[in-house]
Structure formats: C-alpha cells, structure tokens
file work-v9.pdb (PDB, C-alpha atoms and all ligand atoms)
ATOM      1  CA  MET A 100      -6.651 -27.966 -48.057
ATOM      2  CA  GLY A 101      -7.387 -28.300 -44.397
ATOM      3  CA  HIS A 102      -6.508 -25.878 -41.622
ATOM      4  CA  ARG A 103      -3.667 -26.954 -39.387
ATOM      5  CA  ARG A 104      -4.680 -26.772 -35.768
ATOM      6  CA  ARG A 105      -2.517 -24.184 -34.117
ATOM      7  CA  ARG A 106      -1.623 -24.687 -30.491
ATOM      8  CA  HIS A 107      -0.413 -21.961 -28.275
ATOM      9  CA  ALA A 108      -0.082 -21.287 -24.581
ATOM     10  CA  HIS A 109      -0.014 -18.135 -22.516
ATOM     11  CA  VAL A 110       2.088 -18.222 -19.388
ATOM     12  CA  GLY A 111       2.271 -15.181 -17.215
ATOM     13  CA  LEU A 112       2.540 -13.582 -13.833
ATOM     14  CA  ALA A 113       0.953 -10.514 -12.373
ATOM     15  CA  GLY A 114       1.414  -8.872  -9.056
ATOM     16  CA  ARG A 115       2.429  -5.858  -7.096
ATOM     17  CA  ALA A 116       5.879  -4.782  -8.187
ATOM     18  CA  ASP A 117       6.767  -3.690  -4.663
ATOM     19  CA  ARG A 118       6.247  -7.250  -3.406
ATOM     20  CA  PHE A 119       8.200  -9.200  -6.009
ATOM     21  CA  SER A 120      10.800 -11.275  -4.198
ATOM     22  CA  ALA A 121      13.102 -11.433  -7.273
ATOM     23  CA  PRO A 122      13.305  -9.857 -10.759
ATOM     24  CA  LEU A 123      10.253 -10.747 -12.854
ATOM     25  CA  PRO A 124      12.074 -12.930 -15.458
ATOM     26  CA  GLN A 125      13.433 -15.084 -12.620
ATOM     27  CA  LEU A 126      10.017 -15.425 -11.020
ATOM     28  CA  LEU A 127       8.489 -16.330 -14.378
ATOM     29  CA  GLN A 128      11.130 -19.002 -14.936
ATOM     30  CA  ARG A 129      10.522 -20.398 -11.452
ATOM     31  CA  PHE A 130       6.794 -20.462 -12.174
ATOM     32  CA  ARG A 131       7.363 -22.264 -15.488
ATOM     33  CA  ASP A 132       9.622 -24.780 -13.798
ATOM     34  CA  SER A 133       6.879 -25.588 -11.286
ATOM     35  CA  PHE A 134       4.864 -27.543 -13.875
ATOM     36  CA  PRO A 135       5.742 -29.430 -17.060
ATOM     37  CA  THR A 136       6.059 -26.987 -19.956
ATOM     38  CA  PRO A 137       7.085 -28.368 -23.365
ATOM     39  CA  GLU A 138       9.810 -26.424 -25.147
ATOM     40  CA  PRO A 139       8.134 -24.064 -27.649
ATOM     41  CA  ALA A 140       8.364 -25.332 -31.227
ATOM     42  CA  GLY A 141       7.281 -22.022 -32.762
ATOM     43  CA  PRO A 142       7.740 -18.334 -32.131
ATOM     44  CA  VAL A 143       7.656 -16.981 -28.586
ATOM     45  CA  LYS A 144       6.225 -13.544 -27.980
ATOM     46  CA  ARG A 145       6.866 -11.662 -24.793
ATOM     47  CA  ARG A 146       4.781  -8.791 -23.565
ATOM     48  CA  GLY A 147       4.133  -7.055 -20.347
ATOM     49  CA  GLY A 148       3.536  -3.733 -18.723
ATOM     50  CA  PRO A 149       2.014  -1.874 -15.835
ATOM     51  CA  ILE A 150      -1.765  -2.048 -15.410
ATOM     52  CA  PRO A 151      -3.287   1.020 -13.726
ATOM     53  CA  VAL A 152      -5.422  -0.414 -10.934
ATOM     54  CA  GLY A 153      -5.627   2.722  -8.786
ATOM     55  CA  GLY A 154      -9.131   3.616  -9.979
ATOM     56  CA  LEU A 155     -10.614   5.906 -12.554
ATOM     57  CA  LEU A 156      -9.308   9.465 -12.744
ATOM     58  CA  ARG A 157     -11.763  12.187 -11.792
ATOM     59  CA  ARG A 158     -11.004  14.566 -14.653
ATOM     60  CA  ILE A 159     -11.050  12.766 -17.980
ATOM     61  CA  VAL A 160     -12.480  15.337 -20.345
ATOM     62  CA  SER A 161     -11.830  18.858 -21.595
ATOM     63  CA  PRO A 162     -12.716  20.681 -24.819
ATOM     64  CA  GLN A 163      -9.257  19.646 -26.092
ATOM     65  CA  GLY A 164      -9.774  15.917 -25.689
ATOM     66  CA  LEU A 165     -10.814  13.030 -23.506
ATOM     67  CA  LEU A 166      -9.181  10.007 -21.928
ATOM     68  CA  VAL A 167     -10.358   6.444 -22.548
ATOM     69  CA  GLY A 168      -9.350   3.035 -21.218
ATOM     70  CA  ASP A 169      -6.013   2.658 -19.436
ATOM     71  CA  ALA A 170      -5.221   6.343 -19.952
ATOM     72  CA  ALA A 171      -8.288   7.160 -17.837
ATOM     73  CA  GLY A 172      -7.513   4.396 -15.325
ATOM     74  CA  ALA A 173     -10.600   2.413 -16.410
ATOM     75  CA  VAL A 174      -9.390  -0.925 -15.140
ATOM     76  CA  SER A 175     -11.126  -3.102 -12.577
ATOM     77  CA  PRO A 176      -9.174  -2.494  -9.364
ATOM     78  CA  LEU A 177      -9.979  -6.052  -8.363
ATOM     79  CA  THR A 178      -9.185  -8.164 -11.416
ATOM     80  CA  ALA A 179      -6.964  -5.718 -13.361
ATOM     81  CA  GLY A 180      -9.192  -6.453 -16.379
ATOM     82  CA  GLY A 181      -9.278  -3.401 -18.610
ATOM     83  CA  LEU A 182     -10.659  -4.647 -21.922
ATOM     84  CA  ASP A 183     -14.343  -4.633 -21.062
ATOM     85  CA  PRO A 184     -14.388  -1.236 -19.262
ATOM     86  CA  CYS A 185     -12.315   0.223 -22.097
ATOM     87  CA  MET A 186     -14.833  -0.894 -24.734
ATOM     88  CA  ARG A 187     -17.803   0.364 -22.711
ATOM     89  CA  MET A 188     -16.125   3.682 -22.061
ATOM     90  CA  SER A 189     -15.271   4.093 -25.738
ATOM     91  CA  GLU A 190     -18.961   3.960 -26.661
ATOM     92  CA  LEU A 191     -19.770   6.753 -24.215
ATOM     93  CA  ALA A 192     -16.706   8.731 -25.337
ATOM     94  CA  ALA A 193     -17.738   8.452 -28.996
ATOM     95  CA  SER A 194     -21.303   9.541 -28.322
ATOM     96  CA  VAL A 195     -20.242  12.518 -26.149
ATOM     97  CA  THR A 196     -17.639  13.557 -28.761
ATOM     98  CA  PHE A 197     -20.252  13.380 -31.499
ATOM     99  CA  ASP A 198     -22.753  15.461 -29.486
ATOM    100  CA  TYR A 199     -20.068  18.028 -28.599
ATOM    101  CA  LEU A 200     -18.798  18.430 -32.151
ATOM    102  CA  ARG A 201     -22.344  18.739 -33.474
ATOM    103  CA  SER A 202     -23.595  21.211 -30.853
ATOM    104  CA  GLY A 203     -20.418  23.016 -29.762
ATOM    105  CA  ASN A 204     -21.986  23.059 -26.302
ATOM    106  CA  ARG A 205     -19.284  22.349 -23.709
ATOM    107  CA  TYR A 206     -21.871  21.319 -21.093
ATOM    108  CA  VAL A 207     -22.372  18.163 -23.171
ATOM    109  CA  LEU A 208     -18.918  17.114 -21.922
ATOM    110  CA  GLU A 209     -20.290  16.805 -18.388
ATOM    111  CA  HIS A 210     -21.860  13.495 -19.442
ATOM    112  CA  TYR A 211     -18.350  12.101 -19.571
ATOM    113  CA  ASP A 212     -17.822  12.426 -15.871
ATOM    114  CA  GLY A 213     -14.931  10.518 -14.305
ATOM    115  CA  ALA A 214     -16.190  11.118 -10.759
ATOM    116  CA  ALA A 215     -19.564   9.487 -11.577
ATOM    117  CA  LEU A 216     -18.001   6.558 -13.463
ATOM    118  CA  ARG A 217     -15.559   6.098 -10.594
ATOM    119  CA  ARG A 218     -18.401   5.261  -8.206
ATOM    120  CA  ARG A 219     -18.933   1.955 -10.029
ATOM    121  CA  TYR A 220     -15.482   0.909  -8.910
ATOM    122  CA  ARG A 221     -15.903   1.850  -5.265
ATOM    123  CA  ILE A 222     -16.651  -1.627  -3.872
ATOM    124  CA  ARG A 223     -13.934  -3.162  -6.022
ATOM    125  CA  SER A 224     -11.427  -0.541  -4.845
ATOM    126  CA  LEU A 225     -12.279  -1.322  -1.229
ATOM    127  CA  MET A 226     -11.895  -5.042  -1.899
ATOM    128  CA  ARG A 227      -8.516  -4.430  -3.521
ATOM    129  CA  ARG A 228      -7.374  -2.610  -0.416
ATOM    130  CA  GLY A 229      -8.635  -5.510   1.703
ATOM    131  CA  LEU A 230      -6.932  -8.067  -0.538
ATOM    132  CA  SER A 231      -3.641  -6.203  -0.401
ATOM    133  CA  LEU A 232      -3.611  -6.934   3.338
ATOM    134  CA  VAL A 233      -3.658 -10.678   2.608
ATOM    135  CA  ARG A 234      -0.055 -11.826   2.683
ATOM    136  CA  GLU A 235      -0.492 -15.462   3.648
ATOM    137  CA  PRO A 236      -0.920 -17.785   0.625
ATOM    138  CA  SER A 237      -3.068 -20.110   2.780
ATOM    139  CA  LEU A 238      -5.508 -17.268   3.453
ATOM    140  CA  ALA A 239      -5.703 -16.534  -0.283
ATOM    141  CA  GLU A 240      -6.330 -20.266  -0.954
ATOM    142  CA  PHE A 241      -9.107 -20.177   1.641
ATOM    143  CA  ALA A 242     -10.707 -17.133  -0.047
ATOM    144  CA  PHE A 243     -10.590 -18.825  -3.459
ATOM    145  CA  ALA A 244     -12.151 -21.973  -1.972
ATOM    146  CA  GLY A 245     -14.969 -19.713  -0.713
ATOM    147  CA  LEU A 246     -15.488 -18.404  -4.247
ATOM    148  CA  ARG A 247     -16.176 -21.972  -5.414
ATOM    149  CA  THR A 248     -19.255 -22.311  -3.164
ATOM    150  CA  PRO A 249     -22.697 -21.379  -4.636
ATOM    151  CA  ILE A 250     -22.791 -18.106  -2.660
ATOM    152  CA  GLY A 251     -19.170 -17.366  -3.567
ATOM    153  CA  LYS A 252     -19.917 -17.974  -7.248
ATOM    154  CA  ALA A 253     -22.893 -15.593  -7.126
ATOM    155  CA  VAL A 254     -20.743 -12.915  -5.456
ATOM    156  CA  ALA A 255     -17.906 -13.443  -7.960
ATOM    157  CA  LYS A 256     -20.321 -13.209 -10.895
ATOM    158  CA  ARG A 257     -21.679  -9.910  -9.607
ATOM    159  CA  ILE A 258     -18.418  -8.283  -8.560
ATOM    160  CA  LEU A 259     -15.715  -9.786 -10.729
ATOM    161  CA  PHE A 260     -17.470 -10.063 -14.054
ATOM    162  CA  THR A 261     -19.739  -6.999 -14.341
TER     163      THR A 261
HETATM  164  C1  LIG B 301       0.348  -8.417 -19.826
HETATM  165  C2  LIG B 301      -1.060  -7.863 -19.743
HETATM  166  C3  LIG B 301      -2.140  -8.747 -19.684
HETATM  167  C4  LIG B 301      -3.453  -8.262 -19.617
HETATM  168  N1  LIG B 301      -4.487  -9.168 -19.559
HETATM  169  C5  LIG B 301      -5.750  -8.712 -19.538
HETATM  170  C6  LIG B 301      -6.845  -9.636 -19.545
HETATM  171  O1  LIG B 301      -6.674 -10.862 -19.572
HETATM  172  N2  LIG B 301      -8.118  -9.133 -19.517
HETATM  173  C7  LIG B 301      -8.363  -7.787 -19.499
HETATM  174  O2  LIG B 301      -9.542  -7.384 -19.480
HETATM  175  N3  LIG B 301      -7.339  -6.886 -19.493
HETATM  176  C8  LIG B 301      -6.044  -7.305 -19.516
HETATM  177  N4  LIG B 301      -5.004  -6.398 -19.503
HETATM  178  C9  LIG B 301      -5.329  -4.963 -19.490
HETATM  179  C10 LIG B 301      -5.762  -4.530 -20.892
HETATM  180  O3  LIG B 301      -4.822  -5.009 -21.849
HETATM  181  C11 LIG B 301      -5.827  -3.005 -20.967
HETATM  182  O4  LIG B 301      -6.609  -2.526 -19.887
HETATM  183  C12 LIG B 301      -6.446  -2.556 -22.291
HETATM  184  O5  LIG B 301      -5.684  -3.053 -23.378
HETATM  185  C13 LIG B 301      -6.501  -1.038 -22.350
HETATM  186  O6  LIG B 301      -6.830  -0.631 -23.654
HETATM  187  P1  LIG B 301      -6.419   0.821 -24.130
HETATM  188  O7  LIG B 301      -6.954   0.952 -25.520
HETATM  189  O8  LIG B 301      -6.840   1.825 -23.115
HETATM  190  O9  LIG B 301      -4.834   0.853 -24.114
HETATM  191  P2  LIG B 301      -3.821   0.005 -24.987
HETATM  192  O10 LIG B 301      -4.390  -1.326 -25.347
HETATM  193  O11 LIG B 301      -2.517   0.061 -24.237
HETATM  194  O12 LIG B 301      -3.721   0.842 -26.323
HETATM  195  C14 LIG B 301      -2.996   2.053 -26.383
HETATM  196  C15 LIG B 301      -2.403   2.125 -27.778
HETATM  197  O13 LIG B 301      -1.841   3.431 -27.976
HETATM  198  C16 LIG B 301      -0.606   3.278 -28.621
HETATM  199  N5  LIG B 301       0.184   4.482 -28.330
HETATM  200  C17 LIG B 301       0.803   4.811 -27.179
HETATM  201  N6  LIG B 301       1.419   6.005 -27.303
HETATM  202  C18 LIG B 301       1.176   6.423 -28.558
HETATM  203  C19 LIG B 301       1.542   7.589 -29.283
HETATM  204  N7  LIG B 301       2.264   8.562 -28.720
HETATM  205  N8  LIG B 301       1.118   7.694 -30.556
HETATM  206  C20 LIG B 301       0.354   6.724 -31.119
HETATM  207  N9  LIG B 301      -0.027   5.600 -30.478
HETATM  208  C21 LIG B 301       0.379   5.460 -29.217
HETATM  209  C22 LIG B 301      -0.006   2.014 -28.037
HETATM  210  O14 LIG B 301       0.981   1.473 -28.895
HETATM  211  C23 LIG B 301      -1.260   1.128 -27.970
HETATM  212  O15 LIG B 301      -1.472   0.417 -29.166
HETATM  213  C24 LIG B 301      -3.692  -6.856 -19.579
HETATM  214  C25 LIG B 301      -2.608  -5.965 -19.648
HETATM  215  C26 LIG B 301      -1.302  -6.459 -19.714
HETATM  216  C27 LIG B 301      -0.143  -5.476 -19.787
END
call {"tool": "encode", "arguments": {"input": "work-v9.pdb", "output": "structure tokens"}}
result
Amino acid sequence: MGHRRRRHAHVGLAGRADRFSAPLPQLLQRFRDSFPTPEPAGPVKRRGGPIPVGGLLRRIVSPQGLLVGDAAGAVSPLTAGGLDPCMRMSELAASVTFDYLRSGNRYVLEHYDGAALRRRYRIRSLMRRGLSLVREPSLAEFAFAGLRTPIGKAVAKRILFT
C-alpha cells in the first residue's frame, strides 16, 4: 500500500494591528484573491494570534517559576520568529531548573537572566524600529531587493537567521 501524497498550502498575513486598513479576514480574502488559489478539497484550519515582538522581558525568573518562549517575549523583533529562540531558551531553563532544584541555591537562578539575553536582540530591536518607519511599499521592495545582493544575503544570514 503506497502513501498518498498529501498537498497542503499555508496562506497568511502578518502585520501591525494598528496599521491594518480593514478587518483581518477581509484583508486575507483580498490577499487570496490577488493570486489564483484553488478551492480547498480537504479540511481548512484557521489559526492566528498576537506575536510578542517587543523584546525579551528583563525579569523572567523567580524561585516560584520561570518564563520561556512567548511568555518571556523571546521572539525575534525583526522576523517575529519565536520557535528557534523558544527551543534554545528551554534548554537553558531546564538546566537552570535542574541546578536550582538540586542545590537549592537561589543564586543559580541568576544564570537565567532576561537582561543579558535581551542584549542579543538589541540590533534586531533597533532594526524593527527603523523598519516601522517604512510606510512606502516601494521602499520596502527596494530594501528586499538589497537583501538579494551578495552583501545583503550575508547580512540577512547573520541577522535574520541566527
Ligand atoms: C499565526 C502564527 C504564525 C507563526 N509563524 C511562525 C514561524 O513561521 N516561525 C517561527 O519561528 N515562529 C512563528 N510564530 C511564533 C511561534 O509560533 C511562537 O513564538 C512559539 O510557538 C512560542 O512557543 P511557546 O511554547 O512559547 O508558546 P506556545 O506555542 O503558544 O505554547 C503555549 C502553550 O500553552 C498552552 N496554554 C496556555 N495557557 C494554558 C493554561 N492556562 N494551562 C495549560 N496550557 C496552557 C497553549 O494552549 C499552548 O499550547 C508564529 C505565531 C503565530 C501566531
């Protein structure tokens, strides 16, 4: 018995809620209408939600518990990607929790320091602020064209995907 090849597509929008020109379902429909989309033959799942891109919180640990992932604000302010930072943070959280439970020494918790982890996001936070000033689609197109050049690709690799 062979496996049937399953085909699926993800269609979505993201943006700043305060700049949406219409309710999100309408914008999504308009976006879908802008290119040929076959009618779905199977189930359609809808999901969505706010992504915290304001930067990592400073206080993310106490003897009562610690915050990980979205709850701690560990999302790239630039790309809104939160899966990779969340996984990395979980490893540190697990090791600090283990050390704390084993030793009972609350100073161990200082290794889970939001202020220090936050520094990694500083350049990306600044870039987000810069990008939020871009309101002209043509300027955004120009910036993306720049990212396709060899230098742009090197910059993107370093800033967007690490
Ligand atoms: C539409 C969308 C698209 C995204 N696309 C990407 C992407 O392409 N790449 C990327 O890197 N990131 C993406 N993100 C961000 C990414 O999904 C999150 O940053 C990441 O999932 C955070 O993981 P988390 O474990 O911190 O939180 P979550 O994945 O939100 O997990 C929290 C869990 O806790 C559960 N929960 C909540 N309250 C309670 C409670 N009281 N009791 C028990 N359980 C509870 C929730 O049901 C949930 O399962 C996207 C986010 C959204 C909304």
call {"tool": "residues_near_ligand", "arguments": {"input": "work-v9.pdb", "ligand": "ligand LIG 301 (chain B)", "cutoff": "9 Å", "atoms": "all atoms listed in the file", "output": "number ranges by chain"}}
result
A: 111-113, 145-151, 166-175, 178-186, 189
call {"tool": "resolve_selection", "arguments": {"input": "work-v9.pdb", "expression": "the PyMOL selection byres (((chain A and resi 110) around 10) and not hetatm)", "output": "MDAnalysis selection string"}}
result
chainID A and resid 107:109 111:112 127 130:131 136 145
call {"tool": "write_last_selection", "arguments": {"input": "work-v9.pdb", "atoms": "C-alpha atoms", "output": "CSV table (one decimal), in the frame of the given file"}}
result
chain,number,residue,atom,x,y,z
A,107,HIS,CA,-0.4,-22.0,-28.3
A,108,ALA,CA,-0.1,-21.3,-24.6
A,109,HIS,CA,0.0,-18.1,-22.5
A,111,GLY,CA,2.3,-15.2,-17.2
A,112,LEU,CA,2.5,-13.6,-13.8
A,127,LEU,CA,8.5,-16.3,-14.4
A,130,PHE,CA,6.8,-20.5,-12.2
A,131,ARG,CA,7.4,-22.3,-15.5
A,136,THR,CA,6.1,-27.0,-20.0
A,145,ARG,CA,6.9,-11.7,-24.8
call {"tool": "closest_residue", "arguments": {"input": "work-v9.pdb", "among": "A:Glu138, A:Arg106, A:Ala116, A:Leu177", "to": "Arg227 (chain A)", "atoms": "all atoms listed in the file"}}
result
A:Leu177
call {"tool": "atom_distance", "arguments": {"input": "work-v9.pdb", "atom1": "CA of Arg234 (chain A)", "atom2": "CA of Leu123 (chain A)"}}
result
18.7 Å
call {"tool": "atom_distance", "arguments": {"input": "work-v9.pdb", "atom1": "CA of Arg219 (chain A)", "atom2": "CA of Leu259 (chain A)"}}
result
12.2 Å
call {"tool": "residues_around", "arguments": {"input": "work-v9.pdb", "residues": "Leu246 (chain A)", "least_positions_apart": "4", "cutoff": "12 Å", "atoms": "all atoms listed in the file", "output": "list in words"}}
result
Ala239, Glu240, Phe241, Ala242, Ile250, Gly251, Lys252, Ala253, Val254, Ala255, Lys256, Arg257, Ile258 and Leu259 of chain A
call {"tool": "atom_distance", "arguments": {"input": "work-v9.pdb", "atom1": "CA of Tyr206 (chain A)", "atom2": "CA of Pro162 (chain A)"}}
result
9.9 Å
call {"tool": "resolve_selection", "arguments": {"input": "work-v9.pdb", "expression": "the PyMOL selection byres (((chain A and resi 214) around 12) and not hetatm)", "output": "compact mmCIF listing (two decimals) with C-alpha atoms, in the frame of the given file"}}
result
# COMPACT_ATOMS: atom_id res chain seq x y z
CA GLY A 154 -9.13 3.62 -9.98
CA LEU A 155 -10.61 5.91 -12.55
CA LEU A 156 -9.31 9.46 -12.74
CA ARG A 157 -11.76 12.19 -11.79
CA ARG A 158 -11.00 14.57 -14.65
CA ILE A 159 -11.05 12.77 -17.98
CA VAL A 160 -12.48 15.34 -20.34
CA ALA A 171 -8.29 7.16 -17.84
CA GLY A 172 -7.51 4.40 -15.32
CA ALA A 173 -10.60 2.41 -16.41
CA GLU A 209 -20.29 16.80 -18.39
CA HIS A 210 -21.86 13.50 -19.44
CA TYR A 211 -18.35 12.10 -19.57
CA ASP A 212 -17.82 12.43 -15.87
CA GLY A 213 -14.93 10.52 -14.30
CA ALA A 215 -19.56 9.49 -11.58
CA LEU A 216 -18.00 6.56 -13.46
CA ARG A 217 -15.56 6.10 -10.59
CA ARG A 218 -18.40 5.26 -8.21
CA ARG A 219 -18.93 1.96 -10.03
CA TYR A 220 -15.48 0.91 -8.91
CA ARG A 221 -15.90 1.85 -5.26
call {"tool": "residues_around", "arguments": {"input": "work-v9.pdb", "residues": "Phe197 (chain A)", "least_positions_apart": "6", "cutoff": "10 Å", "atoms": "only C-alpha atoms", "output": "ChimeraX atom specification"}}
result
/A:191,203,207
call {"tool": "residues_near_point", "arguments": {"input": "work-v9.pdb", "point": "(5.4, -4.8, -1.7)", "cutoff": "12 Å", "atoms": "all atoms listed in the file", "output": "list of chain:residue names"}}
result
A:Gly114, A:Arg115, A:Ala116, A:Asp117, A:Arg118, A:Phe119, A:Ser120, A:Ala121, A:Ser231, A:Leu232, A:Val233, A:Arg234
